[in-house]
Amino acid sequence: MTHSRGRWADVLCLLLAIALSLLACCVYYQCFKPETLSQPWFTFGDVPLTESYAKVAAEGQALPWKPRMVQRLNAPFVANWCDFPTPDELVWDAGGVLVACFGVIRAYNLAILAVHGLAASGFYLAARCLGAARAPALFCGVSYSMARYLFVRDSVHINLSCCWHVPFFWVTADWFWRRKPMNLRFGLALLALCAVTAWQNPYYWFFWLVMLVPCWLVPLCQRDFRAAGWPLATTALSCVFLFLGQLDSWLGWQTYGRGYAFVRDVHELLVYGLRLPEFFLPQGHHWSALDGFAYQHYYRPMVGNTGETDSSYLGLVGLLAGLWMVVDGVRRRVRNQPAFFFLMSLWLAFVMLNGGLTMLGGSFGLLLFRCSNRSSIVFQAGLLLFLALRLTHWRILNGRRSLLIVPLLAFTAWDCFPPFLLEKEAVSKYVQNQRAAVDYLQAELPSRSMVFQWPLMEYPESQRVGTMWHYDHLMAFLYSKDLRFSYGDCRNRPETQWQSHLVGKSPAAIATELRSYGFAAIWLNTNGLDETDRSLWRDWRTPDYRSPGGDLWVYRLQPNPHPILPRLEPTLAYSGAFFGPESDPRLGLKWRWAWGPARLDLLLPNPCLYRFRFGLNSIGPERTVVVRLDGKTISRAQVPAQYGVYRQLEVDLSRLKPGAHRIELLPDGPALPPVAGGRRLTFSLVNPTLEPLAGP
């Protein structure tokens with residue numbers, strides 16, 4: 001009977017934790033009426049991107065282990081999303097169910113509420129697994145769901161807000177740290193955690209593996225191979241599950257060739273690294289003195305180059321727990337007693353903080369997990385779990401004192417809620433404007449009609465064009481039912497390259513070419529045009545439709561009844577060895593300097609009736625540059641070191657198989673000492689061009 005009552009008490013506390021976390025969300029998002037769920041809370045930044053993942057899942061095009069090819073994007077072709085892996089299968093598939101049931105706007109709002117409720121419930125269960133009493137587990141669980149991290153991520157990366165499983169990292173690591181024997185229940189839970197972690201955001205998978213390292217490394221150093229076995233097996237199992245989660249992308253690369261969506265660099269590790277002051281200096285706080293101090297002494301000098309700030313703030317409760325943990329940990333180590341939370345936090349800091357092992361790995365080219373600032377939620381979970389256990393040990397929230405939870409949670413909400421007001425009116429007006437243009441297209445065009453979106457924007461992570469938001473073009477896809485749009489294919493693919501040839505043409509010439517491909521309309525976002533380009537379109541023809549905001553113009557076209565496809569051409573991606581483009585219009589030269597061995601990644605269509613022509617020029621002494629194609633030497637070029645003079649070379653691409661290929665340019669000596677701007681140079685690639693051969 002007592003055991004049964006205990007279970008019911010846990011169920012009630014769990015439900016209470018979820019209810020309090022949802023109440024906190026409703027207060028922050030001002031959601032007190034059902035109709036509020038139908039109003040967009042966020043829509044700028046990366047929100048359209050994350051919503052599009054759920055939209056694609058809702059339309060049945062995000063099946064596990066199948067290459068993600070989106071039929072309604074990149075018209076007249078299909079959008080290939082394999083170059084931008086999105087292994088968060090659980091998040092997107094769950095979001096797809098919500099979109100299918102409630103529509104895009106309600107689905108996103110409900111997802112926000114859901115991830116906060118999951119955070120509270122996941123933490124409560126983890127704390128109880130570690131032995132925390134119900135009241136401390138309840139208080140710390142709701143505090144975890146109100147972390148600044150979650151509220152900031154809600155507005156940008158909803159998939160990162162889905163961190164309900166992170167507290168279980170600490171539970172598992174504690175089990176291994178104590179070297180407890182394996183049993184069936186723990187083994188099944190461990191299997192589930194490995195699978196869940198691999199099919200959610202990969203950053204959490206990385207943090208999870210980092211926490212496992214000392215669990216097997218310390219026993220190995222002590223020659224306790226049995227204790228090291230299970231953590232090592234867990235690490236291997238997690239890697240297997242991650243491979244399965246990425247299988248769709250790998251199969252896509254094998255089938256369609258691998259493109260190169262973007263190139264990361266080590267500088268991003270500095271921008272997006274975990275910085276210790278941001279644990280206790282929020283970028284915005286209700287306490288004006290703290291807010292002013294943080295801005296004046298820390299954030300103001302970094303304006304414009306701050307990365308993902310304001311998500312690492314631990315809150316005053318988290319900071320007090322951190323101080324308590326440090327004092328307790330030092331005391332325990334002096335007495336040679338276990339100090340799991342203290343030592344694991346030190347290890348995480350050693351890896352994640354700017355200048356730590358993550359930065360060291362980046363210096364050797366390991367740039368995949370560059371945003372180590374996202375590990376702040378792992379620290380938050382550990383500190384609050386430690387606090388729950390300490391509060392249990394000292395019985396601070398026993399009996400009537402458990403009522404202290406109410407003012408403590410109110411204080412935590414005041415402390416952790418971002419102070420910036422939601423611009424709901426601006427967001428709602430923006431969405432209504434986009435939806436009005438989409439509704440016009442849906443009503444006037446036949447089903448499955450193709451719409452070309454102008455100006456061009458790269459996918460993903462495009463630079464802003466004019467005053468357009470990064471993913472403005474995705475809004476039309478989000479709110480349409482069956483129309484196809486030209487935007488949305490990963491950059492540096494042949495199926496996207498043809499669009500770039502429209503740049504510089506007149507509106508009439510663009511329209512004529514688009515008709516031949518079967519496009520039924522042009523979606524023109526004037527926010528991405530300067531006044532001259534806007535005048536060209538205005539003078540060409542009066543738009544058939546202007547959105548209520550006046551910025552979206554629609555030109556209807558008469559598509560060719562027998563459309564053709566644009567000619568596909570190879571795409572070229574430059575490795576990080578190259579600097580930016582330079583030119584000399586007087587000599588008709590365009591070039592890129594390279595600091596040393598450089599690489600050009602080619603993605604070839606079928607057929608590929610092209611040749612790649614380029615010149616090589618040296619700096620300092622004349623050099624010999626070895627040209628390799630797919631690992632085989634095809635030329636050794638003597639490169640002149642005279643301005644405006646270069647050695648002309650070419651590679652016949654028509655004889656190569658379709659797919660990915662690589663050209664390597666290997667100079668025979670080191671780069672010169674740094675010149676102006678700190679650059680070290682060896683040779684330059686001059687006038688690289690892809691020239692068509694005879695053919696259609």
# chains A, B, ... in the order shown; residues from 1 in each chain; ligands from 1
>>> closest_atom_pairs(of="stretch 58-174 of chain A", to="stretch 460-475 of chain A", cutoff="12 Å", atoms="only C-alpha atoms", output="Markdown table")
| residue | atom | partner | partner_atom | distance |
| --- | --- | --- | --- | --- |
| A:Arg72 | CA | A:Leu474 | CA | 11.0 |
| A:Leu73 | CA | A:Leu474 | CA | 9.1 |
| A:Asn74 | CA | A:Leu474 | CA | 11.1 |
| A:Ala79 | CA | A:Pro460 | CA | 11.6 |
| A:Asn80 | CA | A:Pro460 | CA | 11.4 |
| A:Trp81 | CA | A:Pro460 | CA | 9.4 |
| A:Cys82 | CA | A:Pro460 | CA | 11.7 |
| A:Asp83 | CA | A:Pro460 | CA | 9.7 |
| A:Phe84 | CA | A:Pro460 | CA | 7.6 |
| A:Pro85 | CA | A:Pro460 | CA | 11.0 |
| A:Thr86 | CA | A:Pro460 | CA | 11.8 |
| A:Val104 | CA | A:Met475 | CA | 10.4 |
| A:Ile105 | CA | A:Met475 | CA | 11.4 |
| A:Val156 | CA | A:His470 | CA | 12.0 |
>>> write_last_selection(atoms="C-alpha atoms", output="PDB file, in the first residue's frame")
ATOM      1  CA  ARG A  72       7.501  21.046 -53.715  1.00  0.00           C
ATOM      2  CA  LEU A  73      10.779  22.967 -53.549  1.00  0.00           C
ATOM      3  CA  ASN A  74      13.447  23.719 -56.174  1.00  0.00           C
ATOM      4  CA  ALA A  79      15.068  19.968 -53.564  1.00  0.00           C
ATOM      5  CA  ASN A  80      17.893  17.764 -52.306  1.00  0.00           C
ATOM      6  CA  TRP A  81      18.310  18.215 -48.544  1.00  0.00           C
ATOM      7  CA  CYS A  82      20.917  15.483 -48.101  1.00  0.00           C
ATOM      8  CA  ASP A  83      23.771  18.015 -48.071  1.00  0.00           C
ATOM      9  CA  PHE A  84      22.322  19.652 -44.958  1.00  0.00           C
ATOM     10  CA  PRO A  85      21.790  16.662 -42.635  1.00  0.00           C
ATOM     11  CA  THR A  86      18.900  17.012 -40.211  1.00  0.00           C
ATOM     12  CA  VAL A 104       1.926  25.361 -39.098  1.00  0.00           C
ATOM     13  CA  ILE A 105       1.249  28.205 -36.639  1.00  0.00           C
ATOM     14  CA  VAL A 156      15.249  30.233 -33.070  1.00  0.00           C
TER      15      VAL A 156
END
>>> select_by_dssp(residues="stretch 267-336 of chain A", states="helix (DSSP H, G or I)", output="ChimeraX atom specification")
/A:267-271,276-279,288-302,315-334
>>> closest_residue(among="A:Tyr299, A:Tyr430, A:Phe123, A:Phe206", to="A:Val171", atoms="only C-alpha atoms")
A:Phe123
>>> atom_distance(atom1="atom CA of A:Leu274", atom2="atom CA of A:Asn354")
5.6 Å
>>> closest_atom_pairs(of="stretch 333-391 of chain A", to="stretch 183-202 of chain A", cutoff="12 Å", atoms="only C-alpha atoms", output="Markdown table")
| residue | atom | partner | partner_atom | distance |
| --- | --- | --- | --- | --- |
| A:Leu368 | CA | A:Pro202 | CA | 9.8 |
| A:Phe369 | CA | A:Pro202 | CA | 8.5 |
| A:Arg370 | CA | A:Pro202 | CA | 11.8 |
| A:Cys371 | CA | A:Pro202 | CA | 11.4 |
| A:Arg374 | CA | A:Asn201 | CA | 10.9 |
| A:Ser375 | CA | A:Pro202 | CA | 11.8 |
>>> residues_around(residues="A:Trp454", least_positions_apart="6", cutoff="7 Å", atoms="only C-alpha atoms", output="count of residues only")
3
>>> decode(residues="stretch 299-347 of chain A", atoms="N, CA and C atoms", output="CSV table (one decimal), in the first residue's frame")
chain,number,residue,atom,x,y,z
A,299,TYR,N,28.9,42.9,-23.1
A,299,TYR,CA,28.3,42.7,-24.4
A,299,TYR,C,28.5,43.9,-25.3
A,300,ARG,N,28.6,45.1,-24.8
A,300,ARG,CA,28.7,46.3,-25.7
A,300,ARG,C,29.9,46.2,-26.6
A,301,PRO,N,31.1,45.8,-26.1
A,301,PRO,CA,32.3,45.7,-27.1
A,301,PRO,C,32.1,44.7,-28.1
A,302,MET,N,31.2,43.7,-27.9
A,302,MET,CA,31.1,42.6,-28.9
A,302,MET,C,29.9,42.7,-29.8
A,303,VAL,N,29.3,43.9,-29.8
A,303,VAL,CA,28.1,44.1,-30.7
A,303,VAL,C,28.4,43.7,-32.1
A,304,GLY,N,27.6,42.9,-32.7
A,304,GLY,CA,27.8,42.5,-34.1
A,304,GLY,C,28.6,41.3,-34.3
A,305,ASN,N,29.2,40.8,-33.2
A,305,ASN,CA,30.0,39.6,-33.3
A,305,ASN,C,29.9,38.7,-32.0
A,306,THR,N,28.6,38.5,-31.5
A,306,THR,CA,28.4,37.9,-30.2
A,306,THR,C,28.0,36.4,-30.4
A,307,GLY,N,27.7,36.0,-31.6
A,307,GLY,CA,27.2,34.6,-31.7
A,307,GLY,C,25.9,34.3,-31.1
A,308,GLU,N,25.7,33.2,-30.5
A,308,GLU,CA,24.4,32.8,-29.9
A,308,GLU,C,24.4,33.2,-28.4
A,309,THR,N,24.3,34.4,-28.2
A,309,THR,CA,24.4,34.9,-26.8
A,309,THR,C,23.0,34.8,-26.1
A,310,ASP,N,23.0,35.0,-24.8
A,310,ASP,CA,21.9,35.1,-23.9
A,310,ASP,C,21.2,33.7,-23.7
A,311,SER,N,21.8,32.6,-24.2
A,311,SER,CA,21.2,31.3,-23.8
A,311,SER,C,22.0,30.6,-22.7
A,312,SER,N,23.2,31.1,-22.4
A,312,SER,CA,24.0,30.4,-21.4
A,312,SER,C,23.8,30.9,-20.0
A,313,TYR,N,23.0,31.9,-19.8
A,313,TYR,CA,22.7,32.4,-18.4
A,313,TYR,C,22.1,31.4,-17.6
A,314,LEU,N,22.7,31.1,-16.4
A,314,LEU,CA,22.3,30.0,-15.6
A,314,LEU,C,21.2,30.4,-14.6
A,315,GLY,N,21.0,31.7,-14.4
A,315,GLY,CA,20.1,32.2,-13.4
A,315,GLY,C,20.7,32.2,-12.0
A,316,LEU,N,20.2,33.0,-11.1
A,316,LEU,CA,20.7,33.1,-9.8
A,316,LEU,C,20.7,31.8,-9.0
A,317,VAL,N,19.6,31.1,-9.2
A,317,VAL,CA,19.5,29.8,-8.5
A,317,VAL,C,20.5,28.8,-9.0
A,318,GLY,N,20.7,28.8,-10.3
A,318,GLY,CA,21.8,28.0,-10.9
A,318,GLY,C,23.2,28.4,-10.5
A,319,LEU,N,23.4,29.7,-10.3
A,319,LEU,CA,24.7,30.1,-9.9
A,319,LEU,C,25.0,29.8,-8.4
A,320,LEU,N,24.0,29.9,-7.6
A,320,LEU,CA,24.1,29.5,-6.2
A,320,LEU,C,24.4,28.0,-6.1
A,321,ALA,N,23.7,27.3,-6.9
A,321,ALA,CA,23.9,25.8,-6.9
A,321,ALA,C,25.3,25.5,-7.4
A,322,GLY,N,25.8,26.3,-8.3
A,322,GLY,CA,27.2,26.1,-8.8
A,322,GLY,C,28.2,26.4,-7.7
A,323,LEU,N,28.0,27.5,-7.0
A,323,LEU,CA,29.0,27.8,-5.9
A,323,LEU,C,28.9,26.7,-4.8
A,324,TRP,N,27.7,26.3,-4.5
A,324,TRP,CA,27.5,25.2,-3.5
A,324,TRP,C,28.3,23.9,-4.0
A,325,MET,N,28.1,23.6,-5.3
A,325,MET,CA,28.7,22.4,-5.8
A,325,MET,C,30.3,22.5,-5.8
A,326,VAL,N,30.8,23.7,-6.1
A,326,VAL,CA,32.3,23.9,-6.0
A,326,VAL,C,32.8,23.7,-4.6
A,327,VAL,N,32.2,24.4,-3.6
A,327,VAL,CA,32.6,24.3,-2.3
A,327,VAL,C,32.5,22.8,-1.8
A,328,ASP,N,31.4,22.2,-2.1
A,328,ASP,CA,31.2,20.8,-1.7
A,328,ASP,C,32.2,19.9,-2.3
A,329,GLY,N,32.4,20.1,-3.6
A,329,GLY,CA,33.3,19.3,-4.4
A,329,GLY,C,34.8,19.4,-3.9
A,330,VAL,N,35.2,20.6,-3.6
A,330,VAL,CA,36.6,20.8,-3.1
A,330,VAL,C,36.7,20.1,-1.7
A,331,ARG,N,35.7,20.3,-0.9
A,331,ARG,CA,35.7,19.7,0.5
A,331,ARG,C,35.8,18.2,0.4
A,332,ARG,N,35.0,17.6,-0.6
A,332,ARG,CA,35.0,16.1,-0.7
A,332,ARG,C,36.3,15.6,-1.2
A,333,ARG,N,36.9,16.3,-2.2
A,333,ARG,CA,38.2,15.9,-2.7
A,333,ARG,C,39.3,15.9,-1.7
A,334,VAL,N,39.3,17.0,-0.8
A,334,VAL,CA,40.2,17.1,0.3
A,334,VAL,C,40.1,15.9,1.2
A,335,ARG,N,38.9,15.4,1.4
A,335,ARG,CA,38.6,14.3,2.3
A,335,ARG,C,38.7,13.0,1.5
A,336,ASN,N,39.0,13.0,0.2
A,336,ASN,CA,39.1,11.8,-0.6
A,336,ASN,C,37.8,11.1,-0.7
A,337,GLN,N,36.7,11.9,-0.9
A,337,GLN,CA,35.4,11.4,-1.0
A,337,GLN,C,34.9,11.6,-2.4
A,338,PRO,N,33.9,10.8,-2.9
A,338,PRO,CA,33.4,11.0,-4.3
A,338,PRO,C,32.8,12.4,-4.4
A,339,ALA,N,33.0,12.9,-5.6
A,339,ALA,CA,32.5,14.3,-6.0
A,339,ALA,C,32.1,14.3,-7.4
A,340,PHE,N,31.1,13.4,-7.8
A,340,PHE,CA,30.8,13.2,-9.2
A,340,PHE,C,30.4,14.5,-9.9
A,341,PHE,N,29.4,15.2,-9.4
A,341,PHE,CA,29.0,16.4,-10.1
A,341,PHE,C,30.1,17.5,-10.3
A,342,PHE,N,30.9,17.6,-9.3
A,342,PHE,CA,32.0,18.6,-9.3
A,342,PHE,C,33.0,18.2,-10.4
A,343,LEU,N,33.4,16.9,-10.4
A,343,LEU,CA,34.5,16.5,-11.3
A,343,LEU,C,33.9,16.4,-12.7
A,344,MET,N,32.7,16.0,-12.9
A,344,MET,CA,32.1,15.9,-14.3
A,344,MET,C,32.0,17.3,-14.8
A,345,SER,N,31.6,18.3,-14.0
A,345,SER,CA,31.4,19.7,-14.5
A,345,SER,C,32.8,20.2,-14.8
A,346,LEU,N,33.8,19.9,-14.1
A,346,LEU,CA,35.2,20.3,-14.4
A,346,LEU,C,35.6,19.8,-15.8
A,347,TRP,N,35.3,18.5,-16.0
A,347,TRP,CA,35.6,17.9,-17.3
A,347,TRP,C,34.9,18.6,-18.4
